[in-house]
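Pasting coords.cif here (mmCIF, C-alpha atoms):
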data_input
#
loop_
_atom_site.label_atom_id
_atom_site.label_comp_id
_atom_site.auth_asym_id
_atom_site.auth_seq_id
_atom_site.Cartn_x
_atom_site.Cartn_y
_atom_site.Cartn_z
CA MET A 17 -48.81 2.94 -17.43
CA ARG A 18 -46.76 4.36 -14.56
CA THR A 19 -44.29 2.83 -12.13
CA ARG A 20 -44.27 3.44 -8.37
CA ARG A 21 -41.91 6.37 -8.83
CA GLY A 22 -44.24 8.01 -11.32
CA LEU A 23 -42.21 7.17 -14.41
CA CYS A 24 -43.98 6.25 -17.55
CA TYR A 25 -43.13 3.23 -19.59
CA PRO A 26 -42.36 4.05 -23.22
CA ARG A 27 -45.53 3.62 -25.18
CA GLY A 28 -44.37 3.92 -28.75
CA ASP A 29 -41.74 1.24 -28.42
CA VAL A 30 -43.76 -1.47 -26.74
CA CYS A 31 -46.16 -3.26 -28.99
CA VAL A 32 -48.31 -6.07 -27.70
CA ASP A 33 -50.72 -7.75 -30.06
CA LYS A 34 -53.54 -9.95 -28.89
CA VAL A 35 -53.23 -12.95 -31.12
CA VAL A 36 -55.69 -15.78 -30.64
CA VAL A 37 -53.99 -19.12 -31.00
CA LYS A 38 -55.89 -22.35 -31.06
CA ARG A 39 -54.69 -24.38 -28.14
CA ARG A 40 -56.23 -27.38 -26.46
CA ASP A 41 -56.30 -27.95 -22.75
CA PHE A 42 -56.06 -31.27 -20.93
CA ALA A 43 -59.77 -31.95 -21.60
CA GLY A 44 -59.32 -31.48 -25.34
CA ASP A 45 -61.30 -28.22 -25.51
CA ILE A 46 -59.99 -25.29 -27.53
CA MET A 47 -58.86 -22.35 -25.31
CA PRO A 48 -57.75 -18.88 -26.42
CA CYS A 49 -54.15 -17.77 -25.66
CA ARG A 50 -52.60 -14.30 -25.64
CA LYS A 51 -49.13 -14.20 -27.13
CA ARG A 52 -46.70 -11.26 -26.91
CA ARG A 53 -44.97 -10.51 -30.16
CA LYS A 54 -41.20 -10.10 -29.93
CA LEU A 55 -39.87 -6.62 -30.48
CA LEU A 56 -37.61 -5.94 -33.40
CA PRO A 57 -33.95 -5.12 -32.61
CA GLU A 58 -34.42 -1.57 -33.80
CA ILE A 59 -37.38 -1.06 -31.48
CA SER A 60 -35.76 -2.69 -28.43
CA ARG A 61 -32.63 -0.57 -28.84
CA LYS A 62 -34.70 2.59 -28.55
CA SER A 63 -36.03 1.52 -25.13
CA ASP A 64 -32.50 1.12 -23.59
CA PHE A 65 -32.07 4.05 -21.21
CA PHE A 66 -28.37 3.23 -20.59
CA ASP A 67 -27.47 3.91 -24.22
CA ALA A 68 -29.11 7.33 -23.91
CA LEU A 69 -26.68 8.37 -21.15
CA PRO A 70 -23.83 10.58 -22.37
CA ASP A 71 -20.28 9.23 -22.17
CA ASP A 72 -19.17 12.01 -19.83
CA LEU A 73 -21.72 10.98 -17.22
CA VAL A 74 -20.79 7.29 -17.45
CA ILE A 75 -17.08 8.13 -17.15
CA SER A 76 -17.80 10.25 -14.08
CA ILE A 77 -19.66 7.35 -12.46
CA LEU A 78 -16.89 4.91 -13.33
CA SER A 79 -14.27 7.30 -11.92
CA LYS A 80 -16.11 7.36 -8.61
CA LEU A 81 -16.36 3.58 -8.67
CA SER A 82 -12.65 3.08 -9.42
CA SER A 83 -11.62 5.44 -6.61
CA THR A 84 -13.67 3.52 -4.03
CA THR A 85 -13.24 -0.06 -5.23
CA GLY A 86 -12.11 -2.55 -2.60
CA CYS A 87 -10.56 -5.25 -4.77
CA PRO A 88 -9.68 -5.87 -8.45
CA SER A 89 -12.76 -8.07 -8.97
CA ASP A 90 -15.05 -5.07 -8.47
CA PHE A 91 -13.52 -3.39 -11.50
CA ILE A 92 -13.35 -6.60 -13.53
CA ASN A 93 -17.09 -7.12 -13.06
CA VAL A 94 -17.67 -3.76 -14.71
CA LEU A 95 -15.43 -4.65 -17.64
CA ILE A 96 -17.33 -7.85 -18.44
CA THR A 97 -20.79 -6.27 -18.20
CA CYS A 98 -21.07 -4.90 -21.73
CA LYS A 99 -18.97 -3.55 -24.57
CA ARG A 100 -19.69 0.06 -23.76
CA LEU A 101 -18.59 -0.24 -20.13
CA ASN A 102 -15.58 -2.24 -21.24
CA SER A 103 -14.42 0.60 -23.45
CA LEU A 104 -15.25 3.48 -21.10
CA ALA A 105 -13.81 1.79 -17.97
CA VAL A 106 -10.28 1.95 -19.37
CA HIS A 107 -10.54 5.67 -20.09
CA SER A 108 -7.58 7.67 -18.79
CA LEU A 109 -9.82 9.70 -16.45
CA VAL A 110 -11.11 6.50 -14.83
CA LEU A 111 -7.68 4.89 -14.46
CA ALA A 112 -6.12 8.10 -13.12
CA LYS A 113 -8.43 8.01 -10.07
CA ALA A 114 -8.19 4.28 -9.36
CA SER A 115 -7.56 3.33 -5.74
CA PRO A 116 -4.51 1.22 -4.77
CA LYS A 117 -6.78 -1.74 -4.02
CA MET A 118 -8.04 -1.81 -7.60
CA PHE A 119 -4.69 -2.98 -8.97
CA ALA A 120 -3.56 -4.82 -5.81
CA VAL A 121 -2.63 -7.96 -7.73
CA LYS A 122 -1.20 -10.88 -5.77
CA ALA A 123 2.33 -11.99 -6.51
CA LYS A 124 1.19 -15.49 -7.53
CA ASN A 125 -1.15 -13.93 -10.13
CA TRP A 126 1.49 -11.64 -11.62
CA SER A 127 1.51 -11.80 -15.42
CA GLU A 128 2.37 -9.70 -18.43
CA ALA A 129 -1.27 -8.61 -18.65
CA ALA A 130 -1.19 -7.37 -15.03
CA HIS A 131 2.09 -5.59 -15.74
CA LYS A 132 0.60 -3.93 -18.81
CA PHE A 133 -2.54 -2.81 -16.94
CA LEU A 134 -0.46 -1.32 -14.13
CA LYS A 135 1.68 0.47 -16.70
CA THR A 136 -1.49 1.82 -18.38
CA CYS A 137 -2.71 3.21 -15.04
CA ALA A 138 0.70 4.80 -14.41
CA ASP A 139 0.72 6.39 -17.86
CA ALA A 140 -2.75 7.79 -17.15
CA GLY A 141 -1.27 9.75 -14.25
CA ASN A 142 -2.24 7.50 -11.33
CA VAL A 143 0.39 8.19 -8.65
CA GLU A 144 -0.48 5.03 -6.69
CA ALA A 145 0.13 2.96 -9.81
CA CYS A 146 3.43 4.77 -10.38
CA TYR A 147 4.56 3.96 -6.84
CA THR A 148 3.41 0.32 -6.95
CA LEU A 149 4.94 -0.33 -10.36
CA GLY A 150 8.14 1.42 -9.30
CA MET A 151 8.50 -0.78 -6.21
CA ILE A 152 7.83 -3.95 -8.21
CA ARG A 153 10.29 -3.05 -10.95
CA PHE A 154 13.00 -1.84 -8.58
CA TYR A 155 12.98 -4.74 -6.10
CA CYS A 156 11.25 -7.70 -7.81
CA LEU A 157 12.10 -7.31 -11.49
CA GLN A 158 15.49 -5.72 -10.64
CA ASN A 159 14.96 -2.95 -13.17
CA ARG A 160 16.50 -0.29 -10.93
CA GLY A 161 16.44 2.67 -13.30
CA SER A 162 12.86 2.24 -14.46
CA GLY A 163 11.60 1.50 -10.94
CA ALA A 164 13.30 4.56 -9.47
CA SER A 165 11.91 6.76 -12.24
CA PHE A 166 8.34 5.62 -11.59
CA MET A 167 8.75 6.25 -7.85
CA ALA A 168 10.22 9.66 -8.64
CA LYS A 169 7.21 10.41 -10.84
CA ALA A 170 4.93 9.66 -7.88
CA ALA A 171 7.17 11.66 -5.52
CA ILE A 172 6.92 14.72 -7.77
CA SER A 173 3.16 14.55 -7.24
CA SER A 174 3.76 14.65 -3.45
CA HIS A 175 3.14 10.96 -2.83
CA ALA A 176 4.39 10.50 0.74
CA ALA A 177 5.10 6.76 0.51
CA ALA A 178 7.11 7.25 -2.69
CA LEU A 179 9.15 10.02 -1.07
CA TYR A 180 9.91 7.82 1.92
CA SER A 181 10.84 4.83 -0.27
CA LEU A 182 13.28 6.98 -2.21
CA ALA A 183 14.71 8.16 1.12
CA VAL A 184 15.30 4.53 2.17
CA ILE A 185 17.04 3.90 -1.16
CA GLN A 186 19.30 6.92 -0.57
CA PHE A 187 20.09 5.92 3.03
CA ASN A 188 21.04 2.37 2.04
CA GLY A 189 22.54 3.06 -1.38
CA SER A 190 20.15 0.44 -2.80
CA GLY A 191 20.88 -0.66 -6.34
CA GLY A 192 24.52 0.40 -6.08
CA SER A 193 27.51 0.24 -3.78
CA LYS A 194 27.95 1.60 -0.29
CA ASN A 195 29.62 4.66 -1.78
CA ASP A 196 26.32 5.50 -3.49
CA LYS A 197 24.70 6.36 -0.15
CA ASP A 198 23.49 9.95 -0.02
CA LEU A 199 22.49 10.69 3.54
CA ARG A 200 21.67 14.35 2.94
CA ALA A 201 19.34 13.46 0.07
CA GLY A 202 17.70 10.82 2.26
CA VAL A 203 17.10 13.36 5.04
CA ALA A 204 15.65 15.87 2.55
CA LEU A 205 13.24 13.26 1.13
CA CYS A 206 12.28 12.18 4.66
CA ALA A 207 11.59 15.78 5.63
CA ARG A 208 9.28 16.22 2.65
CA ALA A 209 7.41 12.98 3.40
CA ALA A 210 7.17 13.95 7.09
CA PHE A 211 5.69 17.31 6.11
CA LEU A 212 2.99 15.38 4.24
CA GLY A 213 2.19 13.41 7.42
CA HIS A 214 4.00 10.12 6.77
CA VAL A 215 4.50 8.53 10.21
CA ASP A 216 7.50 6.36 9.25
CA ALA A 217 9.24 9.36 7.71
CA LEU A 218 8.63 11.38 10.88
CA ARG A 219 10.17 8.64 12.99
CA GLU A 220 13.14 8.24 10.63
CA LEU A 221 13.75 11.98 10.62
CA GLY A 222 13.64 12.06 14.41
CA HIS A 223 16.32 9.39 14.67
CA CYS A 224 18.48 11.18 12.10
CA LEU A 225 18.33 14.38 14.12
CA GLN A 226 19.04 12.57 17.38
CA ASP A 227 22.06 10.70 16.00
CA GLY A 228 23.33 13.41 13.64
CA TYR A 229 22.90 11.01 10.71
CA GLY A 230 22.98 13.00 7.48
CA VAL A 231 22.06 16.21 9.30
CA ARG A 232 23.44 18.33 12.14
CA GLN A 233 22.65 16.70 15.47
CA ASN A 234 19.73 18.20 17.38
CA ILE A 235 18.54 15.88 20.13
CA ALA A 236 15.65 18.05 21.30
CA GLU A 237 14.26 18.47 17.79
CA GLY A 238 14.69 14.76 17.14
CA ARG A 239 12.69 13.91 20.26
CA ARG A 240 9.97 16.29 19.16
CA PHE A 241 9.66 14.49 15.82
CA LEU A 242 9.53 11.10 17.53
CA VAL A 243 6.76 12.23 19.88
CA GLN A 244 4.86 13.67 16.94
CA ALA A 245 5.21 10.38 15.04
CA ASN A 246 3.93 8.42 18.04
CA ALA A 247 1.00 10.81 18.49
CA ARG A 248 -0.01 10.59 14.82
CA GLU A 249 0.26 6.82 14.85
CA LEU A 250 -1.92 6.61 17.97
CA ALA A 251 -4.47 9.09 16.59
CA ALA A 252 -4.84 7.09 13.36
CA VAL A 253 -5.43 3.84 15.26
CA LEU A 254 -7.83 5.44 17.76
CA SER A 255 -9.96 6.88 14.98
CA SER A 256 -10.28 3.48 13.32
CA ALA A 257 -10.89 1.78 16.67
CA ALA A 258 -13.68 4.22 17.51
CA ALA A 259 -15.46 3.26 14.32
CA SER A 260 -15.20 -0.44 15.18
CA ASN A 261 -15.90 -0.05 18.95
CA THR A 262 -12.55 -1.60 19.94
CA SER A 263 -11.17 -1.22 23.47
CA THR A 264 -8.12 1.04 23.61
CA ARG A 265 -7.22 1.13 27.33
CA SER A 266 -4.18 -1.13 26.92
CA TRP A 267 -2.70 1.19 24.32
CA LEU A 268 -2.52 4.14 26.72
CA THR A 269 -0.95 2.43 29.72
CA TRP A 270 1.51 4.60 31.64
CA SER A 271 4.53 2.67 32.89
CA PRO A 272 5.83 3.70 36.37
CA HIS A 273 9.37 2.83 35.31
CA PRO A 274 11.40 5.05 32.99
CA ILE A 275 11.98 3.88 29.45
CA PRO A 276 15.74 3.58 28.76
CA HIS A 277 16.91 5.14 25.54
CA PRO A 278 18.60 2.71 23.13
CA ASN A 279 21.56 5.05 22.87
CA HIS A 280 23.04 5.43 26.36
CA ARG A 281 24.33 8.91 25.48
CA HIS A 282 20.74 10.18 25.71
CA PRO A 283 18.90 10.46 29.03
CA THR A 284 16.04 8.20 29.99
CA VAL A 285 12.49 9.42 29.49
CA PRO A 286 9.35 8.95 31.62
CA GLY A 287 7.32 5.79 31.22
CA CYS A 288 4.85 7.27 28.75
CA PRO A 289 4.59 5.29 25.50
CA LEU A 290 4.26 8.51 23.53
CA LEU A 291 7.76 9.52 24.65
CA SER A 292 9.47 6.27 23.66
CA ASP A 293 11.33 5.57 20.44
CA PHE A 294 8.78 2.94 19.48
CA GLY A 295 5.48 4.56 20.39
CA CYS A 296 2.39 2.93 21.88
CA ASN A 297 1.72 -0.78 21.64
CA VAL A 298 -0.93 -0.35 18.98
CA PRO A 299 -1.81 -2.78 16.16
CA ALA A 300 0.34 -2.51 13.07
CA PRO A 301 -1.10 -0.33 10.32
CA GLU A 302 -2.35 -1.96 7.16
CA ALA A 303 0.53 -2.57 4.78
CA HIS A 304 0.52 -0.87 1.38
CA PRO A 305 -0.39 -3.18 -1.54
CA ALA A 306 3.13 -2.69 -2.91
CA SER A 307 4.68 -3.91 0.36
CA ARG A 308 2.34 -6.90 0.44
CA PHE A 309 3.31 -7.75 -3.13
CA LEU A 310 7.02 -7.65 -2.22
CA ALA A 311 6.46 -9.87 0.83
CA GLU A 312 4.47 -12.41 -1.23
CA TRP A 313 6.95 -12.29 -4.12
CA PHE A 314 10.00 -13.14 -2.01
CA GLY A 315 8.01 -15.36 0.34
CA ALA A 316 7.31 -17.65 -2.61
CA ARG A 317 11.09 -17.83 -3.07
CA ASP A 318 11.67 -19.03 0.51
CA GLY A 319 12.49 -15.50 1.67
CA ILE A 320 15.82 -15.45 -0.17
CA PRO A 321 16.05 -12.57 -2.65
CA GLY A 322 19.46 -13.72 -3.87
CA PRO A 323 22.73 -15.38 -2.83
CA GLY A 324 23.81 -13.88 0.48
CA LEU A 325 20.96 -11.33 0.49
CA ARG A 326 18.37 -10.84 3.23
CA LEU A 327 14.88 -9.43 3.57
CA CYS A 328 13.92 -6.72 6.03
CA SER A 329 12.87 -8.52 9.20
CA HIS A 330 9.67 -6.49 9.53
CA VAL A 331 6.98 -8.73 8.04
CA GLY A 332 5.01 -5.81 6.65
CA CYS A 333 7.90 -4.32 4.68
CA GLY A 334 9.06 -6.84 2.06
CA ARG A 335 12.13 -4.85 0.94
CA PRO A 336 15.14 -7.02 0.04
CA GLU A 337 18.81 -6.18 0.03
CA THR A 338 20.29 -5.31 -3.34
CA ARG A 339 23.83 -6.12 -2.18
CA LYS A 340 25.37 -8.02 0.72
CA HIS A 341 25.22 -6.42 4.20
CA GLU A 342 23.09 -3.53 2.96
CA PHE A 343 20.67 -3.50 5.89
CA ARG A 344 21.61 -2.79 9.51
CA ARG A 345 21.42 -5.46 12.20
CA CYS A 346 20.26 -5.39 15.79
CA SER A 347 23.17 -4.46 18.05
CA VAL A 348 21.95 -6.79 20.81
CA CYS A 349 21.14 -10.12 19.15
CA GLY A 350 22.28 -9.61 15.56
CA ALA A 351 19.56 -12.00 14.41
CA VAL A 352 17.39 -9.43 12.66
CA ASN A 353 18.09 -6.68 10.16
CA TYR A 354 16.06 -3.69 9.02
CA CYS A 355 16.00 -1.38 6.04
CA SER A 356 15.10 1.61 8.24
CA ARG A 357 14.51 2.73 11.80
CA ALA A 358 10.78 2.85 11.13
CA CYS A 359 10.69 -0.88 10.33
CA GLN A 360 12.76 -1.51 13.45
CA ALA A 361 10.23 0.35 15.62
CA LEU A 362 7.25 -1.52 14.15
CA ASP A 363 8.90 -4.94 14.38
CA TRP A 364 10.06 -4.27 17.95
CA LYS A 365 6.48 -3.74 19.09
CA LEU A 366 5.09 -6.66 17.07
CA ARG A 367 7.49 -9.47 17.95
CA HIS A 368 11.18 -8.69 18.41
CA LYS A 369 10.75 -7.23 21.90
CA ALA A 370 9.90 -10.72 23.17
CA GLU A 371 12.60 -12.47 21.14
CA CYS A 372 15.65 -10.20 21.42
CA ALA A 373 18.37 -11.68 23.65
CA PRO A 374 22.01 -10.57 23.90
CA VAL A 375 24.78 -12.87 22.71
CA GLU A 376 28.50 -12.61 23.22
CA ARG A 377 29.42 -12.65 19.56
CA TRP A 378 26.98 -12.74 16.66
CA LEU A 379 29.19 -11.81 13.73
CA ASP A 380 30.06 -14.67 11.37
CA GLU A 381 33.26 -13.09 10.12
CA GLU A 382 36.09 -11.26 11.80
CA VAL A 383 35.06 -7.64 11.98
CA ASP A 384 36.46 -4.39 13.13
CA VAL A 385 34.06 -2.04 14.83
CA GLY A 386 34.49 1.42 13.36
CA GLU A 387 33.76 4.78 14.86
CA GLY A 388 30.89 7.08 13.95
CA ASN A 389 27.56 5.48 13.08
CA GLY A 390 28.33 1.96 14.28
CA VAL A 391 29.61 0.62 10.96
CA VAL A 392 30.75 -2.97 11.12
CA ASP A 393 33.03 -4.62 8.58
CA GLY A 394 32.76 -1.63 6.28
CA ASN A 395 29.25 -2.62 5.25
CA ASP A 396 26.95 -3.75 8.06
CA ASP A 397 25.56 -1.00 10.26
CA VAL A 398 24.20 -1.66 13.74
CA ILE A 399 20.80 -0.53 15.01
CA ALA A 400 20.50 -0.13 18.76
CA GLU A 401 17.61 -1.80 20.53
CA SER A 402 16.19 -0.97 23.92
#
Using the file provided, produce a representation of the structure as structure tokens.
Amino acid sequence: MRTRRGLCYPRGDVCVDKVVVKRRDFAGDIMPCRKRRKLLPEISRKSDFFDALPDDLVISILSKLSSTTGCPSDFINVLITCKRLNSLAVHSLVLAKASPKMFAVKAKNWSEAAHKFLKTCADAGNVEACYTLGMIRFYCLQNRGSGASFMAKAAISSHAAALYSLAVIQFNGSGGSKNDKDLRAGVALCARAAFLGHVDALRELGHCLQDGYGVRQNIAEGRRFLVQANARELAAVLSSAAASNTSTRSWLTWSPHPIPHPNHRHPTVPGCPLLSDFGCNVPAPEAHPASRFLAEWFGARDGIPGPGLRLCSHVGCGRPETRKHEFRRCSVCGAVNYCSRACQALDWKLRHKAECAPVERWLDEEVDVGEGNGVVDGNDDVIAES
């Protein structure tokens, strides 16, 4: 017997006997009945085509599945299917290619089992797992050394987000004192992440060159990096909008008025969004699962990472301060603080542009404004807003 595709059913394994059983109908007459005899376990096992597949082929299929999975439940459904899939799905080759969404656990569901699974993926060589686990350990579990080492492991494999996160740590001296800041190391890490196409790193590097922060000042080169960051950000959003048929006319509006530069030492630029410090008014990019975990983790703690500590005001970041006055505040209102210039640019477009209002004095304590990079009270830096 053949199927529609021309495949033959196995003949030797299927055995159907016509057994006549005396059975009475509703009228009381005896009627014959055909009964299929059950196959023995040994015979039914021979007819299972899945067991005949080699392990290498199944692992290859599972690797493709893990790299394209959209949520953890997709992978869990494979684990609970059968014993063979349960054992092959946790193979190192499968876990090494897992997508970030596969282990995007929510903060409320965090457990020792989730921690162990993420560690298993990181040990298998998954750079996304190394970065995610490093962020969780460094900021949430306050295991600074282990978290930094996992992020460094991902950075060695040219993971752009890990390189940029390490740059933010170096710029802020996170996990240590203010004296632990290493601006030159932060610029070097930013440059590497920018070379790999990381938009936030490009924008951060542009500001460093413009302000001479950790590198020799070069205003023209800094502007070039900022324009390149804006162009890449716009190109990424336009490509996704084209796939979803979204209108993009409002994102490319040319303003007839010049855009003032936040730092009055620099000249104003034409009213093109691509030439501004903050780019076009495009939707915010999707946050990395690690950033979402941080935001959920500290959001469940009323947004207070510790006594006197603050979160980055950009809702998509989630990074907390590791010491008091680590992040820099807005020089106009002083009501918001950011871990980086990239978070400042994103938050300015999303909400702070409509909320920022100057006040006469926004410092709680008596401060002395220092020279150089706008350092206030020896700790708090100031970020200029437009």
inquiry  = Neighbouring residues of Arg219 (chain A) were defined as those with any atom within 12 Å, considering only C-alpha atoms; residues of the same chain fewer than 6 positions away were excluded. Please report them as JSON, numbers by chain.
reply    = {"A": [180, 203, 206, 207, 209, 210, 211, 213, 225, 226, 237, 238, 239, 240, 241, 242, 243, 244, 245, 246, 247, 248, 249, 291, 292, 293, 294, 295, 356, 357, 358, 359, 360, 361, 362]}
query = Can you list what the PyMOL selection byres ((chain A and resi 135-148) around 6) grabs from this structure, as an MDAnalysis selection string?
reply = chainID A and resid 108 111:112 116 132:134 149:151 166:167 170 178 306
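The spacing separating CA of Leu221 (chain A) from CA of Leu182 (chain A) amounts to 13.8 Å.
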query = Could you pull the residues within 9 Å of region 312-321 of chain A, counting only C-alpha atoms, minus those fewer than 2 positions along the same chain, as a VMD selection string?
reply = chain A and resid 122 to 124 156 307 to 310 323 to 327 334 336 to 338
ask   = Closest to Leu366 (chain A) among A:Gln233, A:Ser173, A:Asn353, A:Ser329, using all atoms listed in the file?
value =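 Using all atoms listed in the file, the shortest distance to Leu366 (chain A) belongs to A:Ser329.
Computed from the coordinates, the CA of Asp71 (chain A) to CA of Leu104 (chain A) distance equals 7.7 Å.
Across the chains present, the PyMOL selection byres ((chain A and resi 86-101) around 6) applied to this file returns Thr85, Asn102, Ser103, Leu104, Ala105, Lys117, Met118 and Phe119 of chain A.
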key: Selected residue of minimal separation from Ser174 (chain A) among A:His341, A:Ser82, A:Leu205, A:Ala311, counting only C-alpha atoms   =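 Going through A:His341, A:Ser82, A:Leu205, A:Ala311 one by one, the smallest distance to Ser174 (chain A) is for A:Leu205.
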